[in-house]
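Trainee: Handing over structure-v2.txt, compact mmCIF, C-alpha atoms.
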```
# COMPACT_ATOMS: atom_id res chain seq x y z
CA MET I 1 97.12 18.30 51.76
CA THR I 2 96.39 19.53 55.23
CA SER I 3 97.71 17.03 57.73
CA SER I 4 95.24 15.82 60.27
CA SER I 5 95.45 13.42 63.13
CA ILE I 6 92.47 11.50 61.77
CA THR I 7 93.72 11.19 58.20
CA PRO I 8 95.06 7.66 57.83
CA GLN I 9 98.23 7.29 55.81
CA ALA I 10 97.51 4.15 53.86
CA ASP I 11 98.89 4.66 50.35
CA THR I 12 102.56 4.77 51.27
CA ILE I 13 105.81 3.56 49.72
CA ASP I 14 106.33 0.71 52.20
CA LYS I 15 103.60 -1.29 50.42
CA ILE I 16 105.69 -1.45 47.26
CA ASP I 17 108.16 -4.27 46.74
CA PRO I 18 111.10 -3.04 44.63
CA VAL I 19 111.54 -6.38 42.85
CA GLU I 20 107.85 -6.62 41.96
CA MET I 21 107.93 -3.02 40.75
CA ALA I 22 111.01 -3.73 38.63
CA LYS I 23 109.17 -6.67 37.04
CA CYS I 24 106.25 -4.36 36.25
CA ALA I 25 108.65 -1.96 34.55
CA ALA I 26 110.18 -4.82 32.60
CA ALA I 27 106.74 -6.03 31.49
CA VAL I 28 105.71 -2.54 30.32
CA ALA I 29 109.07 -2.05 28.57
CA VAL I 30 108.83 -5.34 26.65
CA MET I 31 105.23 -4.77 25.59
CA ALA I 32 105.74 -1.14 24.58
CA TYR I 33 109.00 -1.80 22.76
CA VAL I 34 107.73 -4.73 20.70
CA VAL I 35 104.43 -3.03 19.81
CA ALA I 36 106.40 0.07 18.76
CA ASP I 37 108.83 -2.01 16.71
CA LEU I 38 106.40 -4.33 14.87
CA PRO I 39 107.13 -4.46 11.12
CA LYS I 40 103.42 -3.79 10.50
CA ARG I 41 101.32 -1.55 12.71
CA LEU I 42 99.47 -3.41 15.51
CA GLY I 43 96.19 -4.82 14.18
CA GLU I 44 97.17 -4.62 10.51
CA MET X 45 90.67 26.03 55.95
CA ARG X 46 86.95 25.95 56.45
CA ARG X 47 85.47 23.93 59.24
CA ARG X 48 81.84 23.00 59.22
CA ARG X 49 79.92 20.94 61.70
CA TRP X 50 76.74 18.99 61.46
CA ARG X 51 74.93 16.91 64.05
CA ALA X 52 72.06 14.69 63.13
CA ASP X 53 70.33 11.39 63.63
CA ALA X 54 71.82 8.70 61.47
CA SER X 55 69.74 6.28 59.48
CA CYS X 56 71.49 3.45 57.81
CA SER X 57 71.32 2.02 54.35
CA SER X 58 74.43 -0.08 54.29
CA THR X 59 75.76 -1.45 51.04
CA ARG X 60 77.09 -4.43 52.97
CA ARG X 61 80.02 -6.19 51.50
CA SER X 62 80.28 -6.81 47.80
CA PRO X 63 83.18 -8.31 45.89
CA ASN X 64 82.39 -6.20 42.83
CA TYR X 65 83.87 -2.69 42.95
CA GLY X 66 82.21 -1.66 39.68
CA GLU X 67 78.70 -2.45 40.92
CA THR X 68 79.16 -1.18 44.44
CA VAL X 69 80.93 2.08 43.72
CA ARG X 70 77.68 3.71 42.56
CA PHE X 71 76.59 3.89 46.19
CA ARG X 72 79.50 6.26 46.71
CA SER X 73 79.29 8.14 43.41
CA ASN X 74 75.50 8.59 43.31
CA GLY X 75 74.37 7.88 46.88
CA PRO X 76 74.72 11.36 48.38
CA SER X 77 72.41 13.00 45.82
CA ARG X 78 69.91 10.17 46.20
CA ALA X 79 70.03 10.53 49.98
CA ALA X 80 69.58 14.30 49.70
CA SER X 81 66.46 13.81 47.61
CA TYR X 82 64.99 11.96 50.61
CA GLY X 83 65.93 14.79 52.95
CA ALA X 84 69.30 13.60 54.24
CA LEU X 85 71.58 16.26 55.73
CA ALA X 86 74.77 14.33 55.00
CA ALA X 87 75.86 10.95 53.70
CA LEU X 88 78.38 8.57 55.21
CA VAL X 89 79.50 6.06 52.63
CA ARG X 90 80.78 2.64 53.52
CA SER X 91 84.28 2.01 52.14
CA ILE X 92 84.15 0.14 48.86
CA GLY X 93 86.68 -2.52 49.70
CA PRO X 94 87.67 -5.12 52.24
CA ASP X 95 87.99 -4.52 55.98
CA GLY X 96 91.12 -2.47 56.40
CA LEU X 97 92.14 -1.83 59.99
CA ARG X 98 89.42 0.83 60.17
CA LEU X 99 90.80 2.84 57.29
CA PRO X 100 88.21 4.46 55.05
CA HIS X 101 88.55 4.06 51.30
CA THR X 102 87.59 7.29 49.60
CA GLY X 103 86.95 8.41 46.06
CA ALA X 104 84.98 10.62 43.73
CA LEU X 105 81.26 11.30 43.82
CA GLN X 106 78.94 13.05 41.39
CA TYR X 107 76.24 15.40 42.60
CA THR X 108 73.11 15.78 40.52
CA ASN X 109 71.57 19.21 39.98
CA ASP X 110 68.12 18.24 41.25
CA ALA X 111 69.07 17.61 44.89
CA PRO X 112 70.93 19.65 47.54
CA LYS X 113 74.69 19.11 47.51
CA ILE X 114 74.99 17.61 50.98
CA PRO X 115 78.32 16.76 52.61
CA ALA X 116 79.47 13.21 52.02
CA ALA X 117 82.28 11.30 53.68
CA ALA X 118 83.67 7.78 53.55
CA ILE X 119 83.73 5.68 56.69
CA SER X 120 85.55 2.41 57.26
CA SER X 121 83.81 -0.94 56.88
CA GLU X 122 84.17 -1.47 60.63
CA ASP X 123 82.41 1.80 61.46
CA ALA X 124 79.70 1.12 58.87
CA ASP X 125 79.11 -2.30 60.45
CA ARG X 126 78.87 -0.67 63.86
CA LEU X 127 76.23 1.81 62.66
CA GLN X 128 74.41 -1.07 61.03
CA ARG X 129 74.39 -3.08 64.25
CA MET X 130 73.10 -0.10 66.22
CA THR X 131 70.37 0.46 63.65
CA ASP X 132 69.45 -3.23 63.63
CA ARG X 133 69.07 -3.12 67.42
CA GLY X 134 66.74 -0.17 67.10
CA GLU X 135 69.17 2.20 68.77
CA ARG X 136 69.20 5.88 67.93
CA ALA X 137 72.56 6.60 66.34
CA VAL X 138 73.57 10.26 66.42
CA VAL X 139 76.48 11.34 64.28
CA GLU X 140 78.42 14.57 64.65
CA LEU X 141 80.26 15.30 61.47
CA ARG X 142 83.21 17.67 61.17
CA MET X 143 84.68 18.08 57.73
CA GLU X 144 87.45 20.21 56.28
CA ALA X 145 87.07 19.06 52.69
CA HIS X 146 86.23 21.74 50.16
CA PHE X 147 86.90 22.66 46.58
CA ASP X 148 89.55 25.26 45.81
CA PRO X 149 89.41 27.25 42.58
CA ASP X 150 90.91 25.63 39.50
CA ALA X 151 94.65 26.12 39.07
CA GLU X 152 96.80 25.56 36.03
CA SER X 153 98.45 22.17 35.82
CA ALA X 154 100.03 20.02 33.13
CA ASN X 155 100.65 16.49 31.93
CA VAL X 156 104.34 15.55 31.95
CA ILE X 157 105.41 13.98 28.66
CA GLY X 158 108.66 12.35 27.53
CA GLU X 159 109.49 10.55 24.32
CA LEU X 160 111.88 8.14 22.73
CA ARG X 161 111.52 9.13 19.08
CA GLY X 162 110.91 6.32 16.62
CA ARG X 163 113.65 5.14 14.28
CA THR X 164 111.65 4.93 11.06
CA ASN X 165 108.04 5.97 11.88
CA PRO X 166 108.42 8.71 14.49
CA ASP X 167 104.95 10.11 13.82
CA GLU X 168 103.36 6.84 14.99
CA VAL X 169 103.13 6.66 18.77
CA VAL X 170 102.83 4.07 21.53
CA VAL X 171 101.82 5.69 24.84
CA VAL X 172 102.59 4.27 28.29
CA SER X 173 101.27 6.20 31.26
CA GLY X 174 100.39 6.70 34.90
CA HIS X 175 98.88 9.60 36.82
CA LEU X 176 100.82 12.04 38.98
CA ASP X 177 98.06 13.25 41.26
CA SER X 178 96.84 11.23 44.22
CA TRP X 179 94.12 11.00 46.85
CA ASP X 180 94.59 12.20 50.39
CA VAL X 181 95.18 8.90 52.18
CA GLY X 182 98.94 8.89 52.04
CA ALA X 183 101.68 9.67 49.58
CA GLY X 184 99.99 8.21 46.52
CA ALA X 185 102.61 5.49 46.25
CA THR X 186 100.33 2.90 44.68
CA ASP X 187 97.70 5.28 43.27
CA ASP X 188 99.48 6.09 41.16
CA GLY X 189 103.15 6.82 41.89
CA GLY X 190 104.07 3.26 40.96
CA GLY X 191 102.35 3.59 37.59
CA CYS X 192 104.38 6.73 36.84
CA ILE X 193 107.63 5.04 37.85
CA VAL X 194 107.21 1.83 35.84
CA THR X 195 106.12 3.59 32.64
CA TRP X 196 108.91 6.17 32.93
CA GLU X 197 111.32 3.34 33.73
CA ALA X 198 110.21 1.44 30.62
CA LEU X 199 111.54 4.28 28.43
CA ARG X 200 114.67 4.65 30.53
CA LEU X 201 115.41 0.94 30.09
CA MET X 202 115.08 1.21 26.31
CA LYS X 203 117.40 4.19 26.25
CA ALA X 204 119.92 2.55 28.58
CA LEU X 205 119.94 -0.57 26.39
CA ASN X 206 120.30 1.60 23.29
CA LEU X 207 117.05 0.24 21.89
CA ARG X 208 115.17 2.60 19.58
CA PRO X 209 112.02 1.04 18.11
CA ARG X 210 110.57 1.87 14.70
CA ARG X 211 107.82 4.01 16.24
CA THR X 212 107.90 6.63 18.98
CA VAL X 213 107.31 5.50 22.57
CA ARG X 214 105.85 8.30 24.70
CA VAL X 215 105.44 8.31 28.48
CA VAL X 216 102.62 10.50 29.78
CA LEU X 217 102.26 11.29 33.48
CA TRP X 218 98.72 12.56 33.74
CA THR X 219 97.49 15.36 35.92
CA ASN X 220 94.08 15.47 37.63
CA GLU X 221 93.01 11.81 37.34
CA GLU X 222 91.34 11.79 40.74
CA ASN X 223 89.52 15.07 40.36
CA GLY X 224 87.86 14.93 36.97
CA GLY X 225 90.39 13.50 34.55
CA ARG X 226 91.13 16.76 32.85
CA GLY X 227 94.69 15.73 31.97
CA GLY X 228 93.28 12.91 29.85
CA LEU X 229 90.64 15.16 28.31
CA ALA X 230 93.19 17.86 27.49
CA TYR X 231 95.48 15.30 25.83
CA ARG X 232 92.61 14.08 23.66
CA ASP X 233 91.73 17.65 22.68
CA GLN X 234 95.30 18.79 21.99
CA HIS X 235 96.26 15.63 20.09
CA ARG X 236 92.95 15.21 18.26
CA ALA X 237 94.57 15.52 14.84
CA GLY X 238 97.18 12.91 15.75
CA LEU X 239 95.00 10.31 17.48
CA SER X 240 94.89 8.22 14.28
CA LYS X 241 98.69 7.91 14.62
CA HIS X 242 98.38 6.40 18.09
CA VAL X 243 99.11 2.70 17.72
CA MET X 244 98.33 1.71 21.30
CA MET X 245 97.89 3.42 24.68
CA LEU X 246 98.64 1.77 28.02
CA GLU X 247 97.87 2.97 31.53
CA SER X 248 99.20 1.48 34.76
CA ASP X 249 96.81 2.48 37.55
CA GLY X 250 96.22 -0.77 39.40
CA GLY X 251 99.34 -0.91 41.50
CA VAL X 252 102.81 -2.26 40.76
CA PHE X 253 102.61 -5.50 42.66
CA ARG X 254 103.58 -8.86 41.10
CA PRO X 255 102.73 -8.43 37.40
CA LEU X 256 100.33 -10.95 35.85
CA GLY X 257 100.08 -9.52 32.35
CA PHE X 258 97.87 -6.97 30.65
CA GLY X 259 94.28 -6.11 29.99
CA PHE X 260 93.62 -5.48 26.32
CA SER X 261 90.82 -3.79 24.39
CA GLY X 262 90.96 -3.85 20.61
CA SER X 263 90.54 -6.07 17.58
CA ASP X 264 90.95 -9.84 17.73
CA ARG X 265 93.84 -9.57 15.32
CA ALA X 266 95.67 -7.10 17.55
CA ARG X 267 94.87 -9.25 20.60
CA GLU X 268 96.61 -12.24 19.03
CA THR X 269 99.72 -10.14 18.42
CA VAL X 270 99.67 -8.79 21.97
CA ARG X 271 99.22 -12.33 23.30
CA ALA X 272 102.28 -13.47 21.34
CA ILE X 273 104.32 -10.54 22.69
CA ALA X 274 103.22 -11.31 26.25
CA SER X 275 104.56 -14.86 25.86
CA LEU X 276 108.01 -13.22 26.05
CA LEU X 277 107.13 -12.44 29.67
CA THR X 278 106.38 -16.04 30.69
CA GLY X 279 109.64 -16.12 32.64
CA ILE X 280 108.36 -13.54 35.15
CA GLY X 281 104.77 -14.84 35.02
CA ALA X 282 103.41 -11.73 33.30
CA ASN X 283 102.04 -13.36 30.16
CA GLN X 284 98.27 -13.24 30.74
CA ILE X 285 96.10 -11.16 28.42
CA SER X 286 92.70 -10.37 29.92
CA THR X 287 89.77 -8.46 28.44
CA GLY X 288 89.05 -4.84 29.17
CA GLY X 289 92.31 -2.93 28.94
CA GLY X 290 92.20 0.81 29.43
CA GLY X 291 92.32 3.48 32.07
CA ALA X 292 90.63 6.64 33.27
CA ASP X 293 93.16 8.97 31.63
CA ILE X 294 93.64 7.19 28.30
CA GLY X 295 89.89 6.49 28.06
CA PRO X 296 88.87 9.72 26.26
CA SER X 297 91.59 9.27 23.60
CA LEU X 298 90.89 5.54 23.16
CA GLN X 299 87.22 6.20 22.64
CA GLU X 300 87.60 9.05 20.19
CA GLY X 301 90.50 7.57 18.24
CA HIS X 302 89.36 3.90 18.35
CA ILE X 303 92.85 3.13 19.67
CA PRO X 304 93.79 -0.27 21.18
CA GLY X 305 94.00 0.15 24.97
CA MET X 306 95.97 -1.72 27.57
CA SER X 307 96.35 -1.79 31.34
CA LEU X 308 98.97 -3.48 33.48
CA ASP X 309 97.40 -6.37 35.42
CA VAL X 310 98.97 -7.13 38.79
CA ASP X 311 98.30 -9.37 41.76
CA GLY X 312 96.07 -7.00 43.72
CA SER X 313 95.53 -9.30 46.67
CA LYS X 314 97.83 -7.30 48.94
```
Please re-express this file's structure in structure tokens.
Mentor:
Amino acid sequence: MTSSSITPQADTIDKIDPVEMAKCAAAVAVMAYVVADLPKRLGE
Amino acid sequence: MRRRRWRADASCSSTRRSPNYGETVRFRSNGPSRAASYGALAALVRSIGPDGLRLPHTGALQYTNDAPKIPAAAISSEDADRLQRMTDRGERAVVELRMEAHFDPDAESANVIGELRGRTNPDEVVVVSGHLDSWDVGAGATDDGGGCIVTWEALRLMKALNLRPRRTVRVVLWTNEENGGRGGLAYRDQHRAGLSKHVMMLESDGGVFRPLGFGFSGSDRARETVRAIASLLTGIGANQISTGGGGADIGPSLQEGHIPGMSLDVDGSK
């Protein structure tokens, strides 16, 4: 992206809290793992 | 770099403030072509979002073929309010517009895919995903770097803990979400024969702030199972299951394969 003095830099890493992000990863990991490991396929 | 300049009287049709992104975003996506059909030379679109220290919120638009493709740009809520006040006072607002935005020719790109192969049913797949591309207002940390990190990290955690589920878990980092979704379309087309083996697809594209739970789209029976699984996350407060799970990139596959879809729900109040 061409840098420009009028382009605001809003979507930057400082907005992300590492602990909150780690909890998101944990939530995705638990959901994905259990769905993938169900004895019967999800919905059956 | 191409520079183009326009100078014209501004007339104002402000969308004002609306709490509903889904209803309001059509002013951005369809407004420029509508304005062009009334003779507008360019369209300035009020940011679809809260006041934000005069930062414009930008996003995609769709031109129709029956109106000139006029330049369109997002302006901040504060600047939109200012134009509105000037218009309300009967003042003549003149806007000089300089834009560098343009389309480059298509270039080859690719989705990035990793897998933890299933223990007993490796041909059945659970997909978790985020998109690698981003918009121009920054580094793309939240939209959607965070989604890529947490879905990648989910597989890394399983591997580090030596957990291998019955079915395959696949992380997909999509290309081209912001500019047409062709990563999602290509996945659907290339995996068409295997979509029936997709058990569930999840996309995280709403930020990685404090997790609240998941959106879910699918059968009531599957929803009950997902709700029970989410109860495992009560300890971190991420046990809510809301309606309407999905995402821009997984959407084409969900629709064609009638696959249960999920999104990560987070506290988006930041």
Trainee: Using all atoms listed in the file, I'd like a table of the residues in segment 5-33 of chain I that come within 12 Å of segment 234-245 of chain X; for each, show the closest atom pair and its distance in Å rounded to one decimal, ordered by chain and ascending number, as a Markdown table.
Mentor:
```
| residue | atom | partner | partner_atom | distance |
| --- | --- | --- | --- | --- |
| I:Val28 | CA | X:Met245 | CA | 11.3 |
| I:Met31 | CA | X:Met244 | CA | 10.4 |
| I:Ala32 | CA | X:Met244 | CA | 8.6 |
| I:Tyr33 | CA | X:Met244 | CA | 11.3 |
```
Trainee: Generate the output file for the selected residues, C-alpha atoms, as a compact mmCIF listing (two decimals), in the coordinates of the input.
Mentor:
```txt
# COMPACT_ATOMS: atom_id res chain seq x y z
CA VAL I 28 105.71 -2.54 30.32
CA MET I 31 105.23 -4.77 25.59
CA ALA I 32 105.74 -1.14 24.58
CA TYR I 33 109.00 -1.80 22.76
```
Trainee: Can you tell me how far atom CA of Arg41 of chain I sits from atom CA of Gly289 of chain X, in Å to one decimal?
Mentor: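 Taking atom CA of Arg41 of chain I and atom CA of Gly289 of chain X, their separation equals 18.6 Å.
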Trainee: Which of these residues is nearest to chain I, using only C-alpha atoms: X:Val216, X:Ala292, X:Leu205, X:Val169?
Mentor: X:Val169
Trainee: Write out as a list in words which residues come within 7 Å of segment 261-278 of chain X when counting all atoms listed in the file, dropping same-chain ones fewer than 6 positions away.
Mentor: Ala27, Met31, Leu42 and Gly43 of chain I; Gln284, Ile285, Thr287, Gly288, Gly289, Gly290, Pro304, Gly305 and Met306 of chain X
Trainee: Would you mind telling me which residue in X:Ser173, X:Asn109, X:Ser91, X:Asn165 lies nearest to Ser121 of chain X when using all atoms listed in the file?
Mentor: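 For Ser121 of chain X, the nearest of the candidates is X:Ser91.
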